[in-house]
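See below for the structure under consideration.
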Amino acid sequence: MDNIGVFLPTGQDQWAAHDPRDLIGFARRSEQLGFSSLFVNDSLLSPRIEPLTMLAAIAPVTERIRLGTGALLPVLRRPVLAAQTLASVDQLSGGRLTVTVGAGFPGRFGRPLHELSQVPWERRFARLDETVALWRALWSGAKEFHGEFHSFAELPPATRPFHEQGPPVWLGGGTPAALARIGRHYDGWLPYPPDPADYATGLDAVRSAAREAGRPPEAVTPALFVNVRIDRSAEDARRVMDAYTRANYGLPLAGTEQIQAFAVGTPDEVAAKLARYASAGARHLVARLGALELSDQREQLERLAALTLPSSP
């Protein structure tokens, strides 16, 4: 595995017993331990430090570590202002931003976000792709933009990202349509398939779509979103992760691990599971640490840093 990153525990439930500014110390420690990236997630359905605010806070106090969203929901923000905010974070970080985007999920984790944002649920994927296209147009200095959902006869000078090409934009998803869109339009893939074999199949589809679109397959970074819990025994790890998934999703671990990628158990067991994803082609792992409280998050961060991780084949 060439790179490994972690999610910042920005949800209020995780830092409620602490000063939320302790998250800045968590970010600094992650960089000291050698992690390659720090990611934040996005939602309006539970209290949290807003993700782009969090990245803007840690950008000037870190130097090397890459900053990412996983996943940012563009539907929650007006697109021109979002482009300016993202470019600002990229500038403040010296060009270390990666933007993973998503369109939301059916059910209680998706439709309510669209209702709160007063944006139709229908055709959300097309709207997402067009919003990213608008961002890229603004970052490149376009003076106008005409699409199905967004049309501007005149655009003002926009805040430019640190690098001329702008921050890389990744997408998750594992449906055939999503894989095709990633290969055609996006710079990276951040899914969470429970089975490494499905990761390998999906990556083949992404690379095939990239080739058909005239892009080199390596233009798409193959990443992985994985839930991690390391303990002395598999039983202890599963018990704590079960509490974590129930608190976050209202589902037991046994149900959630049918939907998302998990590496839970002893250090050797976690390393072995991650090795299977590395063999399937994953090159950037982003771990969400299974811990309900900030002090336990810190402990899991140290344990993950001490783990002997697989090298890419």
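By order in the structure tokens, chains are A, B, ...; within a chain, residues start at 1; ligands start at 1, following the order shown.
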Subject >> Residues flagged strand (DSSP E or B) by DSSP in region 66-135 of chain A, as a ChimeraX atom specification >> reply: /A:66-72,97-101
**OP:** Write out as a ChimeraX atom specification all residues of region 55-287 of chain A that DSSP puts in alpha helix (DSSP H) for this structure's backbone.
**Re:** /A:55-58,79-92,111-117,124-139,176-185,196-212,234-249,253-256,267-279
Original post:
Can you tell me, as a ChimeraX atom specification, what residues are no more than 6 Å from Ala287 (chain A) when counting only C-alpha atoms, ignoring any on the same chain fewer than 5 positions away?
Top reply: /A:6,226-228
Give me the residues within 9 Å of Trp135 (chain A) as a PDB file with N, CA and C atoms, in the first residue's frame, counting only C-alpha atoms and dropping any in the same chain fewer than 2 places off.
```pdb
ATOM      1  N   PRO A  79     -23.022  26.324  -6.080  1.00  0.00           N
ATOM      2  CA  PRO A  79     -21.828  25.824  -6.780  1.00  0.00           C
ATOM      3  C   PRO A  79     -20.716  26.844  -6.979  1.00  0.00           C
ATOM      4  N   VAL A  80     -21.035  28.093  -7.261  1.00  0.00           N
ATOM      5  CA  VAL A  80     -19.967  29.076  -7.487  1.00  0.00           C
ATOM      6  C   VAL A  80     -19.235  29.361  -6.183  1.00  0.00           C
ATOM      7  N   ALA A  82     -19.039  27.325  -3.645  1.00  0.00           N
ATOM      8  CA  ALA A  82     -18.292  26.110  -3.301  1.00  0.00           C
ATOM      9  C   ALA A  82     -16.961  26.060  -4.043  1.00  0.00           C
ATOM     10  N   ALA A  83     -16.959  26.442  -5.311  1.00  0.00           N
ATOM     11  CA  ALA A  83     -15.717  26.461  -6.078  1.00  0.00           C
ATOM     12  C   ALA A  83     -14.714  27.426  -5.456  1.00  0.00           C
ATOM     13  N   GLN A  84     -15.197  28.578  -5.010  1.00  0.00           N
ATOM     14  CA  GLN A  84     -14.320  29.555  -4.372  1.00  0.00           C
ATOM     15  C   GLN A  84     -13.775  29.025  -3.049  1.00  0.00           C
ATOM     16  N   GLU A 130     -22.302  17.895 -13.537  1.00  0.00           N
ATOM     17  CA  GLU A 130     -22.283  19.248 -14.102  1.00  0.00           C
ATOM     18  C   GLU A 130     -21.707  20.247 -13.101  1.00  0.00           C
ATOM     19  N   THR A 131     -21.994  20.061 -11.827  1.00  0.00           N
ATOM     20  CA  THR A 131     -21.434  20.951 -10.808  1.00  0.00           C
ATOM     21  C   THR A 131     -19.909  20.860 -10.800  1.00  0.00           C
ATOM     22  N   VAL A 132     -19.371  19.647 -10.890  1.00  0.00           N
ATOM     23  CA  VAL A 132     -17.912  19.477 -10.948  1.00  0.00           C
ATOM     24  C   VAL A 132     -17.359  20.136 -12.207  1.00  0.00           C
ATOM     25  N   ALA A 133     -18.077  19.995 -13.322  1.00  0.00           N
ATOM     26  CA  ALA A 133     -17.635  20.648 -14.561  1.00  0.00           C
ATOM     27  C   ALA A 133     -17.616  22.167 -14.397  1.00  0.00           C
ATOM     28  N   ALA A 137     -14.411  24.672 -14.656  1.00  0.00           N
ATOM     29  CA  ALA A 137     -14.442  25.827 -15.561  1.00  0.00           C
ATOM     30  C   ALA A 137     -14.042  27.099 -14.812  1.00  0.00           C
ATOM     31  N   LEU A 138     -14.576  27.283 -13.613  1.00  0.00           N
ATOM     32  CA  LEU A 138     -14.227  28.458 -12.821  1.00  0.00           C
ATOM     33  C   LEU A 138     -12.741  28.454 -12.465  1.00  0.00           C
ATOM     34  N   TRP A 139     -12.228  27.289 -12.072  1.00  0.00           N
ATOM     35  CA  TRP A 139     -10.815  27.201 -11.682  1.00  0.00           C
ATOM     36  C   TRP A 139      -9.884  27.461 -12.856  1.00  0.00           C
ATOM     37  N   SER A 140     -10.363  27.220 -14.071  1.00  0.00           N
ATOM     38  CA  SER A 140      -9.518  27.445 -15.249  1.00  0.00           C
ATOM     39  C   SER A 140      -9.686  28.839 -15.836  1.00  0.00           C
TER      40      SER A 140
END
```
Original post:
Do you know which residues are at most 9 Å from region 293-299 of chain A counting only C-alpha atoms, after dropping those on the same chain fewer than 2 positions away, and could you put them as number ranges by chain?
Top reply: A: 8-9, 13-18, 22-23, 26, 29, 289-291, 301-304
Can you write just those residues out, all heavy atoms, as a compact mmCIF listing (two decimals), in the first residue's frame?
```txt
# COMPACT_ATOMS: atom_id res chain seq x y z
N LEU A 8 -10.70 12.45 10.07
CA LEU A 8 -10.80 13.23 11.30
C LEU A 8 -12.17 12.98 11.94
O LEU A 8 -13.19 13.00 11.24
CB LEU A 8 -10.65 14.72 11.00
CG LEU A 8 -9.26 15.31 11.01
CD1 LEU A 8 -9.28 16.70 10.40
CD2 LEU A 8 -8.73 15.39 12.44
N PRO A 9 -12.23 12.77 13.25
CA PRO A 9 -13.52 12.53 13.92
C PRO A 9 -14.25 13.84 14.18
O PRO A 9 -14.32 14.34 15.32
CB PRO A 9 -13.11 11.82 15.21
CG PRO A 9 -11.75 12.37 15.51
CD PRO A 9 -11.09 12.60 14.17
N ASP A 13 -20.48 13.96 18.49
CA ASP A 13 -20.52 12.87 19.46
C ASP A 13 -19.12 12.40 19.83
O ASP A 13 -18.91 11.91 20.94
CB ASP A 13 -21.31 11.69 18.89
CG ASP A 13 -22.81 11.96 18.83
OD1 ASP A 13 -23.25 12.93 19.49
OD2 ASP A 13 -23.52 11.24 18.12
N GLN A 14 -18.17 12.56 18.92
CA GLN A 14 -16.82 12.05 19.17
C GLN A 14 -15.95 13.04 19.93
O GLN A 14 -15.03 12.63 20.64
CB GLN A 14 -16.17 11.65 17.85
CG GLN A 14 -16.86 10.44 17.22
CD GLN A 14 -16.38 10.17 15.81
OE1 GLN A 14 -16.32 11.05 14.97
NE2 GLN A 14 -16.03 8.93 15.55
N TRP A 15 -16.22 14.34 19.80
CA TRP A 15 -15.38 15.30 20.51
C TRP A 15 -16.15 16.07 21.59
O TRP A 15 -15.62 17.00 22.21
CB TRP A 15 -14.73 16.29 19.55
CG TRP A 15 -15.65 16.99 18.58
CD1 TRP A 15 -15.80 16.70 17.27
CD2 TRP A 15 -16.52 18.10 18.84
NE1 TRP A 15 -16.73 17.55 16.69
CE2 TRP A 15 -17.18 18.42 17.64
CE3 TRP A 15 -16.82 18.85 19.98
CZ2 TRP A 15 -18.12 19.46 17.54
CZ3 TRP A 15 -17.76 19.88 19.88
CH2 TRP A 15 -18.39 20.18 18.67
N ALA A 16 -17.38 15.66 21.87
CA ALA A 16 -18.24 16.43 22.79
C ALA A 16 -17.62 16.59 24.18
O ALA A 16 -17.83 17.60 24.85
CB ALA A 16 -19.61 15.78 22.89
N ALA A 17 -16.86 15.59 24.63
CA ALA A 17 -16.25 15.67 25.96
C ALA A 17 -14.94 16.45 25.94
O ALA A 17 -14.27 16.54 26.98
CB ALA A 17 -16.02 14.26 26.50
N HIS A 18 -14.57 16.99 24.80
CA HIS A 18 -13.30 17.69 24.64
C HIS A 18 -13.55 19.07 24.03
O HIS A 18 -14.66 19.44 23.69
CB HIS A 18 -12.37 16.89 23.72
CG HIS A 18 -12.10 15.50 24.20
ND1 HIS A 18 -10.95 15.16 24.88
CD2 HIS A 18 -12.82 14.36 24.09
CE1 HIS A 18 -10.98 13.88 25.19
NE2 HIS A 18 -12.10 13.36 24.71
N ASP A 22 -9.24 20.44 19.76
CA ASP A 22 -8.31 19.31 19.89
C ASP A 22 -8.19 18.55 18.58
O ASP A 22 -7.21 17.80 18.39
CB ASP A 22 -8.80 18.35 20.98
CG ASP A 22 -8.63 18.93 22.38
OD1 ASP A 22 -7.91 19.92 22.53
OD2 ASP A 22 -9.24 18.37 23.32
N LEU A 23 -9.15 18.71 17.67
CA LEU A 23 -9.05 18.07 16.37
C LEU A 23 -7.83 18.57 15.59
O LEU A 23 -7.28 17.84 14.76
CB LEU A 23 -10.32 18.31 15.56
CG LEU A 23 -11.60 17.66 16.10
CD1 LEU A 23 -12.82 18.18 15.34
CD2 LEU A 23 -11.52 16.14 16.02
N PHE A 26 -5.09 16.48 16.69
CA PHE A 26 -5.23 15.16 16.07
C PHE A 26 -4.64 15.20 14.66
O PHE A 26 -3.94 14.28 14.23
CB PHE A 26 -6.72 14.79 16.02
CG PHE A 26 -7.01 13.38 15.58
CD1 PHE A 26 -7.29 12.39 16.51
CD2 PHE A 26 -7.02 13.04 14.24
CE1 PHE A 26 -7.57 11.09 16.12
CE2 PHE A 26 -7.29 11.74 13.83
CZ PHE A 26 -7.56 10.76 14.77
N ARG A 29 -0.84 15.35 14.88
CA ARG A 29 -0.28 14.05 15.26
C ARG A 29 -0.32 13.07 14.10
O ARG A 29 0.61 12.27 13.91
CB ARG A 29 -1.06 13.49 16.46
CG ARG A 29 -0.51 12.14 16.99
CD ARG A 29 0.95 12.27 17.38
NE ARG A 29 1.46 10.99 17.92
CZ ARG A 29 2.75 10.68 17.98
NH1 ARG A 29 3.67 11.54 17.54
NH2 ARG A 29 3.14 9.52 18.47
N LEU A 289 -11.67 5.38 11.69
CA LEU A 289 -11.34 4.65 12.91
C LEU A 289 -12.61 4.38 13.72
O LEU A 289 -13.38 5.30 14.01
CB LEU A 289 -10.33 5.45 13.74
CG LEU A 289 -9.04 5.81 13.00
CD1 LEU A 289 -8.16 6.71 13.85
CD2 LEU A 289 -8.28 4.55 12.59
N GLY A 290 -12.81 3.13 14.08
CA GLY A 290 -14.01 2.73 14.82
C GLY A 290 -13.86 3.03 16.30
O GLY A 290 -13.49 2.16 17.09
N ALA A 291 -14.16 4.27 16.68
CA ALA A 291 -14.04 4.69 18.08
C ALA A 291 -15.06 5.79 18.33
O ALA A 291 -15.18 6.71 17.52
CB ALA A 291 -12.63 5.17 18.38
N LEU A 301 -5.45 5.68 16.29
CA LEU A 301 -4.51 6.32 15.37
C LEU A 301 -3.10 5.78 15.60
O LEU A 301 -2.39 5.44 14.64
CB LEU A 301 -4.55 7.84 15.57
CG LEU A 301 -3.72 8.68 14.61
CD1 LEU A 301 -4.37 8.71 13.23
CD2 LEU A 301 -3.57 10.12 15.14
N GLU A 302 -2.70 5.69 16.86
CA GLU A 302 -1.37 5.18 17.19
C GLU A 302 -1.23 3.71 16.79
O GLU A 302 -0.20 3.29 16.27
CB GLU A 302 -1.09 5.35 18.69
CG GLU A 302 -1.15 6.78 19.19
CD GLU A 302 0.05 7.63 18.79
OE1 GLU A 302 1.12 7.04 18.51
OE2 GLU A 302 -0.08 8.88 18.76
N ARG A 303 -2.27 2.92 17.02
CA ARG A 303 -2.22 1.51 16.67
C ARG A 303 -2.13 1.31 15.16
O ARG A 303 -1.40 0.43 14.68
CB ARG A 303 -3.44 0.77 17.24
CG ARG A 303 -3.46 0.68 18.75
CD ARG A 303 -4.68 -0.07 19.25
NE ARG A 303 -4.75 -0.05 20.70
CZ ARG A 303 -5.71 -0.62 21.41
NH1 ARG A 303 -6.71 -1.27 20.79
NH2 ARG A 303 -5.72 -0.56 22.73
N LEU A 304 -2.87 2.11 14.43
CA LEU A 304 -2.82 1.98 12.98
C LEU A 304 -1.45 2.39 12.45
O LEU A 304 -0.91 1.77 11.54
CB LEU A 304 -3.92 2.83 12.33
CG LEU A 304 -4.03 2.77 10.81
CD1 LEU A 304 -4.28 1.35 10.33
CD2 LEU A 304 -5.15 3.70 10.32
```
